[in-house]
Amino acid sequence: MTTAIADHGVDLAVHPFGWFLLTIFVVGYYFIATEEKYHLDKAKPALFAGTFMFVLIGGFYAFNGLDFKPFENEIAHLILEIAEIFFFLYVAMTFIEALIERGVFNALKGKLIAKGYSYRELFWITGLLAFFISPVADNLTTALILSTVLVTIEKNDKAFLVPSALNVVVAANAGGAWSPFGDITTLMAWTAGKGAFVDFLYLFPASFFGWLITAYLLSKFVPDLDPLKDGDPEAAEKIKILKGGKVIIFLGATTIALAVICKQVMHLPPMWGMLFGLSILQLYMYSLKKKHNQDVDIFHSISKIENNTLLFFFGILAAVGALHFAGFLTHAAKLYEMFNPTIVNIGVGFLSAIVDNVPVMSAVLKANPNIEHAQWMLVTMTAGVGGSLISFGSAAGVGVMGKLHGIYTFASHMKLAWTVLVGYIASVSIWYVQFIVFGFGA
């Protein structure tokens with residue numbers, strides 16, 4: 001019979017049934033990683049694996065007549081954890097869709113085209129926008145919007161599109177690493193209580209300069225051409241932000257502030273502030289219809305959110321939760337005891353590029369190793385930034401691959417991946433000097 005572990009029922013990691021669960025996870029993740037090959041959306045195998053693993057565990061407990069109390073506690077905790085992230089993303093995506101519907105991002109695209117920037121100017125502008133928009137929106141949405149701008153400006157010139165697309169991916173991931181709203185990994189770390197809101201802001205120098213170094217190296221590959229030098233002034237005139245768009249921008253910023261206040265002051269989960277902000281958005285949409293005859297249906301915006309992304313997060317967090325309950329992550333946490341935590345956390349960044357940063361970060365949080373605050377900040381950064389090392393290592397990279405199909409590919413990315421590695425090393429070095437040497441933010 002298996003050996004009991006405190007608060008986690010039975011240690012299935014030393015039982016054949018546990019290895020069967022691990023096999024299901026590996027097979028499920030194979031189909032997640034190869035969604036382009038099989039044209040099977042990653043949400044489907046993720047949701048199947050995550051739910052099926054707990055069904056099997058429940059059946060194992062019932063068949064062996066085991067005490068269900070630890071199992072029930074794990075399910076209750078997991079539902080709460082997933083709900084916090086699920087509803088936070090649900091509201092964030094709704095605000096983004098509302099801004100898209102009001103033409104905010106189209107107006108941004110129109111202004112960039114109208115200015116007549118050169119390729120290198122566009123390279124830097126889209127990179128900076130990606131870095132500073134992703135902390136407020138999220139890295140996937142930001143990368144999709146700005147890659148659309150790139151392909152609208154130039155559809156065929158790979159010499160311009162490939163380094164510019166890679167720059168957007170790196171900037172979006174780096175920008176998301178220093179904000180709890182910018183990446184699912186930072187959101188998970190924040191909701192798990194691994195740092196206060198302001199603690200993540202201390203990662204700004206490492207994130208910014210790591211991206212800046214990569215961007216500088218990439219800019220050398222961008223053609224020094226000015227094909228849009230005359231611009232298109234009429235483009236900006238034709239595309240206008242619709243009524244209420246600017247107010248929704250303000251409401252979005254207010255909603256983020258509410259989420260922070262709920263978490264840091266009122267000890268409510270961030271999703272509470274987000275859902276309160278959604279209620280305000282709904283009331284504002286109602287007033288738009290009544291006072292200005294603008295028939296904007298908030299549920300139409302909600303219907304456009306990426307439900308597959310939400311279901312993927314549910315499935316993958318449930319699957320990692322099953323591995324945690326089975327005892328595998330308790331054993332994995334021993335890596336932090338065997339090796340220097342800094343080395344392990346740097347390795348997490350490389351692993352997140354191969355696997356995906358969401359399950360990797362979820363596994364680290366579930367394992368909950370006894371490491372210092374500075375190390376939690378490091379793993380948050382490496383899990384987010386490390387995803388840029390390989391094209392499919394982050395949601396932003398996968399999204400841009402789809403948007404620039406046949407142009408920004410795994411092969412084209414890997415030719416320039418060394419620039420990302422240099423930036424990654426720079427980010428870790430800056431973290432070390434800031435947090436360890438000077439103790440600033442530790």
# chains A, B, ... in the order shown; residues from 1 in each chain; ligands from 1
$ residues_around --residues "range 167-180 of chain A" --least-positions-apart "5" --cutoff "8 Å" --atoms "only C-alpha atoms" --output "NGL selection string"
:A and (123 or 126-128 or 130-136 or 138-140 or 142-143 or 146-147 or 185-190 or 197 or 200-204 or 207-208 or 210-211 or 214-215 or 218 or 380-381 or 384-385 or 387-388 or 394 or 396-397 or 400 or 420)
$ select_by_dssp --residues "range 256-336 of chain A" --states "alpha helix (DSSP H)" --output "PyMOL selection string"
chain A and resi 256-264+270-292+298-303+307-326+328-332+335-336
$ residues_around --residues "Ser412 in chain A" --least-positions-apart "6" --cutoff "10 Å" --atoms "only C-alpha atoms" --output "list in words"
Lys158, Val162, Pro163, Leu166, Ser391 and Gly406 of chain A
$ residues_around --residues "range 95-106 of chain A" --least-positions-apart "5" --cutoff "9 Å" --atoms "only C-alpha atoms" --output "ChimeraX atom specification"
/A:90,111,137,141,145,149,239-246,248-249,251-252,278,281,296,298,300-302,304-305
$ closest_residue --among "A:Leu323, A:Val247, A:Leu89, A:Ile256" --to "Leu288 in chain A" --atoms "only C-alpha atoms"
A:Val247
$ closest_atom_pairs --of "range 402-425 of chain A" --to "range 333-350 of chain A" --cutoff "12 Å" --atoms "only C-alpha atoms" --output "tab-separated table"
residue	atom	partner	partner_atom	distance
A:Val420	CA	A:Phe350	CA	11.6
A:Leu421	CA	A:Phe350	CA	9.8
A:Tyr424	CA	A:Gly349	CA	8.9
A:Ile425	CA	A:Ile346	CA	9.2
$ closest_residue --among "A:Pro205, A:Pro16, A:Gly439, A:Gly315" --to "Phe52 in chain A" --atoms "only C-alpha atoms"
A:Gly315
$ closest_residue --among "A:Val355, A:Ala318, A:Ala107, A:Trp124" --to "Phe31 in chain A" --atoms "only C-alpha atoms"
A:Val355
$ residues_around --residues "Asp356 in chain A" --least-positions-apart "3" --cutoff "7 Å" --atoms "only C-alpha atoms" --output "ChimeraX atom specification"
/A:352-353,359-360,387,393-394
$ write_last_selection --atoms "C-alpha atoms" --output "PDB file, in the first residue's frame"
ATOM      1  CA  SER A 352       9.079  27.292 -19.955  1.00  0.00           C
ATOM      2  CA  ALA A 353      10.338  27.898 -23.504  1.00  0.00           C
ATOM      3  CA  PRO A 359       2.101  24.688 -16.396  1.00  0.00           C
ATOM      4  CA  VAL A 360       5.719  25.295 -15.353  1.00  0.00           C
ATOM      5  CA  GLY A 387       9.050  31.747 -23.085  1.00  0.00           C
ATOM      6  CA  GLY A 393       7.239  28.900 -25.761  1.00  0.00           C
ATOM      7  CA  SER A 394       4.648  31.562 -24.985  1.00  0.00           C
TER       8      SER A 394
END
$ atom_distance --atom1 "CA of Leu225 in chain A" --atom2 "CA of Ala426 in chain A"
29.6 Å
$ atom_distance --atom1 "CA of Ile213 in chain A" --atom2 "CA of Phe435 in chain A"
20.1 Å
$ closest_residue --among "A:Leu416, A:Ile24, A:Ala332, A:Ile82" --to "Ala159 in chain A" --atoms "only C-alpha atoms"
A:Leu416
$ closest_residue --among "A:Leu144, A:Ala326, A:Leu351, A:Leu404" --to "Leu21 in chain A" --atoms "only C-alpha atoms"
A:Ala326
$ residues_around --residues "Asp295 in chain A" --least-positions-apart "4" --cutoff "9 Å" --atoms "only C-alpha atoms" --output "VMD selection string"
chain A and resid 285 to 286 288 to 290
$ atom_distance --atom1 "CA of Leu12 in chain A" --atom2 "CA of Met361 in chain A"
21.8 Å
$ decode --residues "range 385-408 of chain A" --atoms "N, CA, C and O atoms" --output "mmCIF file, in the first residue's frame"
data_model
loop_
_atom_site.group_PDB
_atom_site.id
_atom_site.type_symbol
_atom_site.label_atom_id
_atom_site.label_comp_id
_atom_site.auth_asym_id
_atom_site.auth_seq_id
_atom_site.Cartn_x
_atom_site.Cartn_y
_atom_site.Cartn_z
ATOM 1 N N VAL A 385 9.720 35.663 -19.190
ATOM 2 C CA VAL A 385 10.662 36.079 -20.233
ATOM 3 C C VAL A 385 11.229 34.876 -20.980
ATOM 4 O O VAL A 385 11.473 34.932 -22.189
ATOM 5 N N GLY A 386 11.431 33.765 -20.268
ATOM 6 C CA GLY A 386 12.031 32.586 -20.886
ATOM 7 C C GLY A 386 11.216 32.008 -22.030
ATOM 8 O O GLY A 386 11.762 31.352 -22.921
ATOM 9 N N GLY A 387 9.900 32.259 -22.015
ATOM 10 C CA GLY A 387 9.050 31.747 -23.085
ATOM 11 C C GLY A 387 9.398 32.296 -24.452
ATOM 12 O O GLY A 387 9.006 31.725 -25.480
ATOM 13 N N SER A 388 10.141 33.406 -24.490
ATOM 14 C CA SER A 388 10.512 34.022 -25.773
ATOM 15 C C SER A 388 11.662 33.298 -26.459
ATOM 16 O O SER A 388 11.946 33.558 -27.633
ATOM 17 N N LEU A 389 12.343 32.405 -25.754
ATOM 18 C CA LEU A 389 13.514 31.739 -26.326
ATOM 19 C C LEU A 389 13.163 30.866 -27.526
ATOM 20 O O LEU A 389 13.965 30.684 -28.432
ATOM 21 N N ILE A 390 11.950 30.305 -27.520
ATOM 22 C CA ILE A 390 11.470 29.485 -28.628
ATOM 23 C C ILE A 390 10.133 30.058 -29.086
ATOM 24 O O ILE A 390 9.358 30.550 -28.261
ATOM 25 N N SER A 391 9.838 29.981 -30.356
ATOM 26 C CA SER A 391 8.650 30.635 -30.905
ATOM 27 C C SER A 391 7.353 30.164 -30.264
ATOM 28 O O SER A 391 6.420 30.954 -30.087
ATOM 29 N N PHE A 392 7.257 28.871 -29.921
ATOM 30 C CA PHE A 392 6.013 28.360 -29.335
ATOM 31 C C PHE A 392 6.085 28.280 -27.808
ATOM 32 O O PHE A 392 5.248 27.635 -27.171
ATOM 33 N N GLY A 393 7.062 28.956 -27.209
ATOM 34 C CA GLY A 393 7.239 28.900 -25.761
ATOM 35 C C GLY A 393 6.320 29.810 -24.981
ATOM 36 O O GLY A 393 6.295 29.761 -23.754
ATOM 37 N N SER A 394 5.572 30.656 -25.665
ATOM 38 C CA SER A 394 4.648 31.562 -24.985
ATOM 39 C C SER A 394 3.396 31.740 -25.817
ATOM 40 O O SER A 394 3.391 31.484 -27.034
ATOM 41 N N ALA A 395 2.320 32.186 -25.172
ATOM 42 C CA ALA A 395 1.072 32.432 -25.891
ATOM 43 C C ALA A 395 1.271 33.519 -26.942
ATOM 44 O O ALA A 395 0.708 33.453 -28.042
ATOM 45 N N ALA A 396 2.100 34.517 -26.603
ATOM 46 C CA ALA A 396 2.370 35.602 -27.551
ATOM 47 C C ALA A 396 3.045 35.069 -28.812
ATOM 48 O O ALA A 396 2.679 35.438 -29.932
ATOM 49 N N GLY A 397 4.029 34.196 -28.640
ATOM 50 C CA GLY A 397 4.737 33.628 -29.773
ATOM 51 C C GLY A 397 3.838 32.779 -30.657
ATOM 52 O O GLY A 397 3.866 32.891 -31.888
ATOM 53 N N VAL A 398 3.011 31.958 -30.037
ATOM 54 C CA VAL A 398 2.086 31.106 -30.793
ATOM 55 C C VAL A 398 1.089 31.968 -31.562
ATOM 56 O O VAL A 398 0.778 31.698 -32.729
ATOM 57 N N GLY A 399 0.603 33.028 -30.907
ATOM 58 C CA GLY A 399 -0.353 33.916 -31.558
ATOM 59 C C GLY A 399 0.230 34.610 -32.772
ATOM 60 O O GLY A 399 -0.413 34.701 -33.829
ATOM 61 N N VAL A 400 1.465 35.085 -32.668
ATOM 62 C CA VAL A 400 2.111 35.784 -33.781
ATOM 63 C C VAL A 400 2.455 34.804 -34.905
ATOM 64 O O VAL A 400 2.383 35.157 -36.089
ATOM 65 N N MET A 401 2.804 33.582 -34.559
ATOM 66 C CA MET A 401 3.043 32.562 -35.592
ATOM 67 C C MET A 401 1.798 32.350 -36.437
ATOM 68 O O MET A 401 1.872 32.168 -37.659
ATOM 69 N N GLY A 402 0.640 32.378 -35.790
ATOM 70 C CA GLY A 402 -0.613 32.222 -36.515
ATOM 71 C C GLY A 402 -0.942 33.446 -37.357
ATOM 72 O O GLY A 402 -1.445 33.331 -38.480
ATOM 73 N N LYS A 403 -0.640 34.618 -36.832
ATOM 74 C CA LYS A 403 -0.941 35.865 -37.539
ATOM 75 C C LYS A 403 -0.020 36.058 -38.742
ATOM 76 O O LYS A 403 -0.458 36.541 -39.791
ATOM 77 N N LEU A 404 1.261 35.701 -38.604
ATOM 78 C CA LEU A 404 2.230 35.826 -39.702
ATOM 79 C C LEU A 404 2.608 34.436 -40.194
ATOM 80 O O LEU A 404 3.777 34.055 -40.229
ATOM 81 N N HIS A 405 1.588 33.680 -40.548
ATOM 82 C CA HIS A 405 1.782 32.284 -40.953
ATOM 83 C C HIS A 405 2.723 32.190 -42.157
ATOM 84 O O HIS A 405 2.547 32.877 -43.158
ATOM 85 N N GLY A 406 3.728 31.336 -42.027
ATOM 86 C CA GLY A 406 4.677 31.146 -43.102
ATOM 87 C C GLY A 406 5.794 32.179 -43.133
ATOM 88 O O GLY A 406 6.748 32.037 -43.907
ATOM 89 N N ILE A 407 5.700 33.199 -42.312
ATOM 90 C CA ILE A 407 6.734 34.243 -42.244
ATOM 91 C C ILE A 407 7.476 34.148 -40.918
ATOM 92 O O ILE A 407 8.683 33.903 -40.881
ATOM 93 N N TYR A 408 6.736 34.329 -39.825
ATOM 94 C CA TYR A 408 7.337 34.142 -38.501
ATOM 95 C C TYR A 408 7.115 32.696 -38.100
ATOM 96 O O TYR A 408 6.029 32.297 -37.681
#
